[in-house]
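Asker: Structure: query_13.cif, mmCIF, N, CA and C atoms.
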```cif
data_final
loop_
_atom_site.label_atom_id
_atom_site.label_comp_id
_atom_site.auth_asym_id
_atom_site.auth_seq_id
_atom_site.Cartn_x
_atom_site.Cartn_y
_atom_site.Cartn_z
N MET X 1 5.70 3.87 12.42
CA MET X 1 5.70 3.36 11.06
C MET X 1 6.02 4.50 10.09
N HIS X 2 5.29 5.60 10.22
CA HIS X 2 5.53 6.75 9.36
C HIS X 2 6.95 7.27 9.55
N LEU X 3 7.34 7.41 10.80
CA LEU X 3 8.65 7.94 11.12
C LEU X 3 9.75 7.07 10.54
N LYS X 4 9.59 5.75 10.59
CA LYS X 4 10.60 4.84 10.04
C LYS X 4 10.81 5.09 8.54
N ILE X 5 9.73 5.36 7.81
CA ILE X 5 9.85 5.64 6.37
C ILE X 5 10.59 6.95 6.17
N TYR X 6 10.20 7.98 6.91
CA TYR X 6 10.89 9.27 6.79
C TYR X 6 12.38 9.15 7.11
N GLN X 7 12.70 8.36 8.11
CA GLN X 7 14.10 8.21 8.52
C GLN X 7 14.93 7.41 7.52
N SER X 8 14.31 6.45 6.85
CA SER X 8 15.09 5.56 5.99
C SER X 8 15.04 5.91 4.50
N ILE X 9 14.10 6.75 4.10
CA ILE X 9 13.99 7.10 2.68
C ILE X 9 14.10 8.61 2.55
N LYS X 10 15.22 9.04 2.01
CA LYS X 10 15.56 10.46 1.93
C LYS X 10 14.50 11.29 1.22
N ASN X 11 13.94 10.78 0.11
CA ASN X 11 13.00 11.58 -0.68
C ASN X 11 11.53 11.34 -0.31
N ALA X 12 11.27 10.70 0.83
CA ALA X 12 9.89 10.54 1.29
C ALA X 12 9.46 11.84 1.95
N GLY X 13 8.63 12.61 1.23
CA GLY X 13 8.14 13.87 1.76
C GLY X 13 6.80 13.73 2.45
N ALA X 14 6.11 12.61 2.19
CA ALA X 14 4.80 12.38 2.80
C ALA X 14 4.53 10.88 2.86
N VAL X 15 3.89 10.48 3.96
CA VAL X 15 3.47 9.09 4.15
C VAL X 15 1.97 9.12 4.46
N VAL X 16 1.22 8.26 3.76
CA VAL X 16 -0.23 8.17 3.96
C VAL X 16 -0.55 6.75 4.42
N HIS X 17 -1.39 6.65 5.43
CA HIS X 17 -1.83 5.34 5.93
C HIS X 17 -3.35 5.34 5.94
N THR X 18 -3.94 4.36 5.27
CA THR X 18 -5.39 4.24 5.21
C THR X 18 -5.83 2.85 5.66
N HIS X 19 -7.11 2.73 5.87
CA HIS X 19 -7.73 1.43 6.17
C HIS X 19 -8.71 1.17 5.02
N SER X 20 -8.15 0.92 3.85
CA SER X 20 -8.89 0.84 2.60
C SER X 20 -9.79 -0.39 2.54
N THR X 21 -11.05 -0.14 2.37
CA THR X 21 -12.05 -1.21 2.39
C THR X 21 -11.80 -2.26 1.31
N TYR X 22 -11.69 -1.84 0.07
CA TYR X 22 -11.59 -2.82 -1.02
C TYR X 22 -10.23 -3.51 -1.06
N ALA X 23 -9.19 -2.82 -0.68
CA ALA X 23 -7.88 -3.47 -0.60
C ALA X 23 -7.92 -4.59 0.43
N LEU X 24 -8.53 -4.32 1.58
CA LEU X 24 -8.61 -5.34 2.62
C LEU X 24 -9.52 -6.50 2.24
N VAL X 25 -10.63 -6.19 1.57
CA VAL X 25 -11.54 -7.26 1.11
C VAL X 25 -10.81 -8.16 0.11
N LEU X 26 -10.12 -7.57 -0.85
CA LEU X 26 -9.38 -8.37 -1.83
C LEU X 26 -8.31 -9.22 -1.16
N GLU X 27 -7.62 -8.65 -0.18
CA GLU X 27 -6.60 -9.41 0.53
C GLU X 27 -7.22 -10.62 1.21
N LYS X 28 -8.38 -10.44 1.84
CA LYS X 28 -9.07 -11.55 2.50
C LYS X 28 -9.55 -12.60 1.50
N LEU X 29 -9.84 -12.17 0.27
CA LEU X 29 -10.27 -13.09 -0.78
C LEU X 29 -9.10 -13.78 -1.48
N GLY X 30 -7.87 -13.43 -1.11
CA GLY X 30 -6.69 -14.07 -1.69
C GLY X 30 -6.24 -13.48 -3.01
N PHE X 31 -6.63 -12.25 -3.30
CA PHE X 31 -6.24 -11.60 -4.56
C PHE X 31 -4.72 -11.46 -4.66
N ASP X 32 -4.20 -11.69 -5.86
CA ASP X 32 -2.78 -11.51 -6.14
C ASP X 32 -2.56 -10.08 -6.62
N PHE X 33 -2.01 -9.23 -5.76
CA PHE X 33 -1.86 -7.81 -6.07
C PHE X 33 -0.80 -7.53 -7.13
N SER X 34 -0.16 -8.55 -7.64
CA SER X 34 0.75 -8.36 -8.77
C SER X 34 0.02 -8.58 -10.09
N LYS X 35 -1.29 -8.88 -10.02
CA LYS X 35 -2.04 -9.22 -11.22
C LYS X 35 -3.33 -8.41 -11.38
N PHE X 36 -3.23 -7.09 -11.26
CA PHE X 36 -4.39 -6.26 -11.56
C PHE X 36 -4.77 -6.46 -13.01
N SER X 37 -6.06 -6.44 -13.32
CA SER X 37 -6.50 -6.68 -14.69
C SER X 37 -6.27 -5.48 -15.61
N LEU X 38 -6.13 -4.29 -15.06
CA LEU X 38 -5.87 -3.11 -15.89
C LEU X 38 -4.36 -2.93 -16.06
N ALA X 39 -3.93 -2.82 -17.30
CA ALA X 39 -2.51 -2.67 -17.60
C ALA X 39 -1.93 -1.41 -16.97
N GLU X 40 -2.76 -0.40 -16.80
CA GLU X 40 -2.31 0.87 -16.24
C GLU X 40 -1.90 0.76 -14.77
N ALA X 41 -2.33 -0.28 -14.11
CA ALA X 41 -2.08 -0.41 -12.68
C ALA X 41 -0.59 -0.32 -12.36
N GLU X 42 0.22 -1.08 -13.04
CA GLU X 42 1.65 -1.06 -12.74
C GLU X 42 2.28 0.28 -13.12
N LEU X 43 1.79 0.88 -14.20
CA LEU X 43 2.31 2.19 -14.59
C LEU X 43 2.00 3.24 -13.53
N LEU X 44 0.82 3.18 -12.97
CA LEU X 44 0.39 4.18 -11.99
C LEU X 44 0.94 3.92 -10.59
N LEU X 45 1.04 2.65 -10.21
CA LEU X 45 1.42 2.29 -8.85
C LEU X 45 2.83 1.76 -8.70
N GLY X 46 3.35 1.17 -9.76
CA GLY X 46 4.55 0.35 -9.61
C GLY X 46 4.11 -0.97 -8.99
N LYS X 47 5.04 -1.73 -8.50
CA LYS X 47 4.70 -2.98 -7.80
C LYS X 47 4.20 -2.66 -6.40
N VAL X 48 3.41 -3.56 -5.86
CA VAL X 48 2.84 -3.38 -4.52
C VAL X 48 3.57 -4.28 -3.54
N GLY X 49 4.08 -3.68 -2.48
CA GLY X 49 4.70 -4.45 -1.41
C GLY X 49 3.64 -5.01 -0.48
N ILE X 50 3.94 -6.10 0.16
CA ILE X 50 2.97 -6.72 1.08
C ILE X 50 3.68 -7.07 2.38
N VAL X 51 3.05 -6.67 3.48
CA VAL X 51 3.57 -6.95 4.82
C VAL X 51 2.57 -7.85 5.53
N ASP X 52 3.07 -8.93 6.13
CA ASP X 52 2.21 -9.81 6.91
C ASP X 52 1.61 -9.05 8.08
N PHE X 53 0.59 -9.63 8.69
CA PHE X 53 -0.06 -8.96 9.83
C PHE X 53 0.86 -8.95 11.04
N PHE X 54 0.97 -7.77 11.61
CA PHE X 54 1.60 -7.56 12.91
C PHE X 54 0.68 -6.62 13.68
N PRO X 55 0.64 -6.71 14.99
CA PRO X 55 -0.23 -5.82 15.75
C PRO X 55 0.04 -4.35 15.45
N PRO X 56 -1.01 -3.55 15.31
CA PRO X 56 -0.83 -2.12 15.05
C PRO X 56 0.07 -1.48 16.12
N GLY X 57 0.99 -0.67 15.65
CA GLY X 57 1.89 0.04 16.56
C GLY X 57 3.08 -0.77 17.04
N SER X 58 3.16 -2.04 16.62
CA SER X 58 4.25 -2.89 17.11
C SER X 58 5.56 -2.61 16.39
N LYS X 59 6.64 -2.90 17.06
CA LYS X 59 7.97 -2.74 16.47
C LYS X 59 8.12 -3.62 15.23
N LYS X 60 7.55 -4.81 15.27
CA LYS X 60 7.64 -5.71 14.11
C LYS X 60 6.96 -5.09 12.89
N LEU X 61 5.83 -4.42 13.10
CA LEU X 61 5.15 -3.75 11.99
C LEU X 61 6.01 -2.62 11.46
N TRP X 62 6.55 -1.80 12.32
CA TRP X 62 7.41 -0.68 11.88
C TRP X 62 8.56 -1.19 11.03
N GLU X 63 9.23 -2.24 11.53
CA GLU X 63 10.40 -2.77 10.85
C GLU X 63 10.04 -3.37 9.49
N ALA X 64 8.92 -4.09 9.44
CA ALA X 64 8.49 -4.71 8.18
C ALA X 64 8.11 -3.64 7.15
N VAL X 65 7.41 -2.60 7.58
CA VAL X 65 7.03 -1.52 6.66
C VAL X 65 8.27 -0.78 6.18
N GLU X 66 9.18 -0.50 7.08
CA GLU X 66 10.41 0.19 6.70
C GLU X 66 11.16 -0.59 5.62
N LYS X 67 11.25 -1.89 5.79
CA LYS X 67 11.95 -2.75 4.82
C LYS X 67 11.26 -2.72 3.46
N GLU X 68 9.93 -2.87 3.43
CA GLU X 68 9.19 -2.86 2.17
C GLU X 68 9.23 -1.50 1.50
N ALA X 69 9.21 -0.43 2.29
CA ALA X 69 9.18 0.92 1.73
C ALA X 69 10.44 1.26 0.95
N LYS X 70 11.50 0.55 1.19
CA LYS X 70 12.74 0.78 0.44
C LYS X 70 12.60 0.33 -1.01
N ASN X 71 11.62 -0.55 -1.29
CA ASN X 71 11.42 -1.09 -2.63
C ASN X 71 10.07 -0.76 -3.25
N PHE X 72 9.11 -0.34 -2.43
CA PHE X 72 7.74 -0.12 -2.91
C PHE X 72 7.17 1.17 -2.33
N LYS X 73 6.41 1.90 -3.15
CA LYS X 73 5.74 3.11 -2.68
C LYS X 73 4.31 2.83 -2.23
N VAL X 74 3.80 1.66 -2.56
CA VAL X 74 2.47 1.23 -2.13
C VAL X 74 2.66 -0.09 -1.39
N ILE X 75 2.19 -0.14 -0.15
CA ILE X 75 2.40 -1.32 0.67
C ILE X 75 1.08 -1.73 1.32
N LEU X 76 0.67 -2.96 1.06
CA LEU X 76 -0.52 -3.52 1.70
C LEU X 76 -0.10 -4.12 3.03
N LEU X 77 -0.80 -3.73 4.09
CA LEU X 77 -0.59 -4.30 5.42
C LEU X 77 -1.70 -5.32 5.64
N LYS X 78 -1.37 -6.59 5.55
CA LYS X 78 -2.40 -7.63 5.66
C LYS X 78 -3.23 -7.46 6.92
N GLY X 79 -4.56 -7.53 6.73
CA GLY X 79 -5.48 -7.43 7.84
C GLY X 79 -5.50 -6.08 8.53
N HIS X 80 -4.96 -5.06 7.87
CA HIS X 80 -4.85 -3.75 8.53
C HIS X 80 -5.17 -2.59 7.60
N GLY X 81 -4.41 -2.45 6.50
CA GLY X 81 -4.62 -1.29 5.63
C GLY X 81 -3.55 -1.13 4.58
N VAL X 82 -3.29 0.11 4.24
CA VAL X 82 -2.35 0.44 3.17
C VAL X 82 -1.48 1.60 3.62
N VAL X 83 -0.23 1.58 3.19
CA VAL X 83 0.69 2.70 3.38
C VAL X 83 1.22 3.08 2.01
N THR X 84 1.23 4.39 1.73
CA THR X 84 1.87 4.90 0.51
C THR X 84 2.83 6.01 0.93
N TRP X 85 3.85 6.21 0.13
CA TRP X 85 4.76 7.34 0.37
C TRP X 85 5.17 7.92 -0.97
N GLU X 86 5.49 9.19 -0.94
CA GLU X 86 5.93 9.90 -2.15
C GLU X 86 6.66 11.17 -1.73
N GLU X 87 7.06 11.95 -2.73
CA GLU X 87 7.78 13.20 -2.48
C GLU X 87 6.88 14.28 -1.89
N SER X 88 5.58 14.22 -2.20
CA SER X 88 4.64 15.23 -1.70
C SER X 88 3.38 14.56 -1.18
N ILE X 89 2.64 15.30 -0.36
CA ILE X 89 1.39 14.76 0.18
C ILE X 89 0.39 14.49 -0.94
N GLU X 90 0.36 15.35 -1.95
CA GLU X 90 -0.57 15.15 -3.07
C GLU X 90 -0.29 13.84 -3.78
N LYS X 91 0.98 13.56 -4.03
CA LYS X 91 1.34 12.32 -4.73
C LYS X 91 1.08 11.08 -3.86
N ALA X 92 1.35 11.18 -2.57
CA ALA X 92 1.12 10.04 -1.67
C ALA X 92 -0.38 9.74 -1.54
N VAL X 93 -1.19 10.78 -1.41
CA VAL X 93 -2.64 10.59 -1.34
C VAL X 93 -3.15 10.02 -2.66
N ASN X 94 -2.64 10.54 -3.77
CA ASN X 94 -3.07 10.04 -5.07
C ASN X 94 -2.77 8.55 -5.23
N LEU X 95 -1.60 8.11 -4.79
CA LEU X 95 -1.29 6.67 -4.85
C LEU X 95 -2.29 5.86 -4.05
N ALA X 96 -2.63 6.33 -2.87
CA ALA X 96 -3.59 5.61 -2.02
C ALA X 96 -4.96 5.55 -2.68
N LEU X 97 -5.39 6.66 -3.29
CA LEU X 97 -6.69 6.69 -3.96
C LEU X 97 -6.72 5.80 -5.20
N ILE X 98 -5.67 5.85 -5.99
CA ILE X 98 -5.60 5.01 -7.19
C ILE X 98 -5.61 3.53 -6.80
N PHE X 99 -4.83 3.18 -5.78
CA PHE X 99 -4.80 1.79 -5.33
C PHE X 99 -6.19 1.32 -4.91
N GLU X 100 -6.90 2.13 -4.12
CA GLU X 100 -8.22 1.73 -3.68
C GLU X 100 -9.20 1.63 -4.84
N LYS X 101 -9.11 2.54 -5.82
CA LYS X 101 -10.00 2.47 -6.98
C LYS X 101 -9.72 1.23 -7.83
N LEU X 102 -8.46 0.88 -7.98
CA LEU X 102 -8.12 -0.34 -8.71
C LEU X 102 -8.63 -1.57 -7.96
N CYS X 103 -8.56 -1.55 -6.65
CA CYS X 103 -9.09 -2.66 -5.85
C CYS X 103 -10.60 -2.75 -6.00
N LEU X 104 -11.28 -1.62 -6.05
CA LEU X 104 -12.73 -1.61 -6.26
C LEU X 104 -13.07 -2.23 -7.60
N ILE X 105 -12.34 -1.88 -8.64
CA ILE X 105 -12.58 -2.45 -9.98
C ILE X 105 -12.40 -3.97 -9.94
N GLU X 106 -11.35 -4.43 -9.30
CA GLU X 106 -11.11 -5.88 -9.21
C GLU X 106 -12.22 -6.57 -8.43
N TYR X 107 -12.66 -5.96 -7.35
CA TYR X 107 -13.72 -6.54 -6.54
C TYR X 107 -15.02 -6.65 -7.35
N LEU X 108 -15.36 -5.57 -8.04
CA LEU X 108 -16.58 -5.58 -8.85
C LEU X 108 -16.50 -6.60 -10.00
N ALA X 109 -15.32 -6.78 -10.53
CA ALA X 109 -15.11 -7.76 -11.61
C ALA X 109 -15.31 -9.20 -11.13
N LEU X 110 -15.12 -9.42 -9.85
CA LEU X 110 -15.32 -10.75 -9.29
C LEU X 110 -16.78 -11.13 -9.19
N LYS X 111 -17.64 -10.13 -9.17
CA LYS X 111 -19.09 -10.37 -8.99
C LYS X 111 -19.73 -10.91 -10.25
#
```
Written as structure tokens, that's how I'd like the structure from this file.
Answerer:
Amino acid sequence: MHLKIYQSIKNAGAVVHTHSTYALVLEKLGFDFSKFSLAEAELLLGKVGIVDFFPPGSKKLWEAVEKEAKNFKVILLKGHGVVTWEESIEKAVNLALIFEKLCLIEYLALK
């Protein structure tokens, strides 16, 4: 999955893959990731790509992530986790952390 992003996106200097708790909880609750309540979300993340569930390590997962990564730097893997990519490791990690914090805010707002 990581290798596919590096191979297909010239300026991808780092790929981060997490198993983000709040992102996965929101996905299970049916949250629409295009509708974060904070206006800053789109400015900080851009749009979020979404990949249906495929078994971890499967060719179908690699291909789906590669396709989404061409249009999105933050990708939710349904039932699995999150992938982010950027020019540097610092930026890719930051995207993953911001995404998870925004998901935490949305989850807490549901309570």
Asker: Find the residues with any atom within 6 Å of (-4.5, 2.5, 9.4); use all atoms listed in the file and the coordinates as given in the file, and write the answer as a PDB file with N, CA and C atoms, in the coordinates of the input.
Answerer:
```
ATOM      1  N   HIS X  17      -1.390   6.650   5.430  1.00  0.00           N
ATOM      2  CA  HIS X  17      -1.830   5.340   5.930  1.00  0.00           C
ATOM      3  C   HIS X  17      -3.350   5.340   5.940  1.00  0.00           C
ATOM      4  N   THR X  18      -3.940   4.360   5.270  1.00  0.00           N
ATOM      5  CA  THR X  18      -5.390   4.240   5.210  1.00  0.00           C
ATOM      6  C   THR X  18      -5.830   2.850   5.660  1.00  0.00           C
ATOM      7  N   HIS X  19      -7.110   2.730   5.870  1.00  0.00           N
ATOM      8  CA  HIS X  19      -7.730   1.430   6.170  1.00  0.00           C
ATOM      9  C   HIS X  19      -8.710   1.170   5.020  1.00  0.00           C
ATOM     10  N   HIS X  80      -4.960  -5.060   7.870  1.00  0.00           N
ATOM     11  CA  HIS X  80      -4.850  -3.750   8.530  1.00  0.00           C
ATOM     12  C   HIS X  80      -5.170  -2.590   7.600  1.00  0.00           C
ATOM     13  N   GLY X  81      -4.410  -2.450   6.500  1.00  0.00           N
ATOM     14  CA  GLY X  81      -4.620  -1.290   5.630  1.00  0.00           C
ATOM     15  C   GLY X  81      -3.550  -1.130   4.580  1.00  0.00           C
ATOM     16  N   VAL X  82      -3.290   0.110   4.240  1.00  0.00           N
ATOM     17  CA  VAL X  82      -2.350   0.440   3.170  1.00  0.00           C
ATOM     18  C   VAL X  82      -1.480   1.600   3.620  1.00  0.00           C
TER      19      VAL X  82
END
```
Asker: Would you please work out which residue, of X:Leu45, X:Val25, X:Val65, X:Ile75, is nearest to Lys91 of chain X when using only C-alpha atoms?
Answerer: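 So, comparing all the options, the nearest one is X:Leu45.
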Asker: Considering all atoms listed in the file, can you say which of X:Gly49, X:Ser37, X:Ala14, X:Trp85 comes closest to Glu68 of chain X?
Answerer: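 Looking only at the distances to Glu68 of chain X, the closest residue turns out to be X:Gly49.
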Asker: Would you kindly translate the PyMOL selection byres (((chain X and resi 46 and name CA) around 10) and name CA) into the concrete residues it picks from this file, as a ChimeraX atom specification?
Answerer: /X:34,40-45,47-49,71-74,95
Asker: For segment 49-66 of chain X, what centre and edge lengths in Å (one decimal) does the axis-aligned box get once 6 Å is added on each side of all its listed atoms, as lines of an AutoDock Vina configuration file?
Answerer:
```
center_x = 5.1
center_y = -4.8
center_z = 7.3
size_x = 24.2
size_y = 22.0
size_z = 31.6
```
Asker: Given only C-alpha atoms as the basis, pick out the residue of X:Glu90, X:Thr21, X:Asn11, X:Glu100 nearest to Lys70 of chain X.
Answerer: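 For Lys70 of chain X, the nearest of the candidates is X:Asn11.
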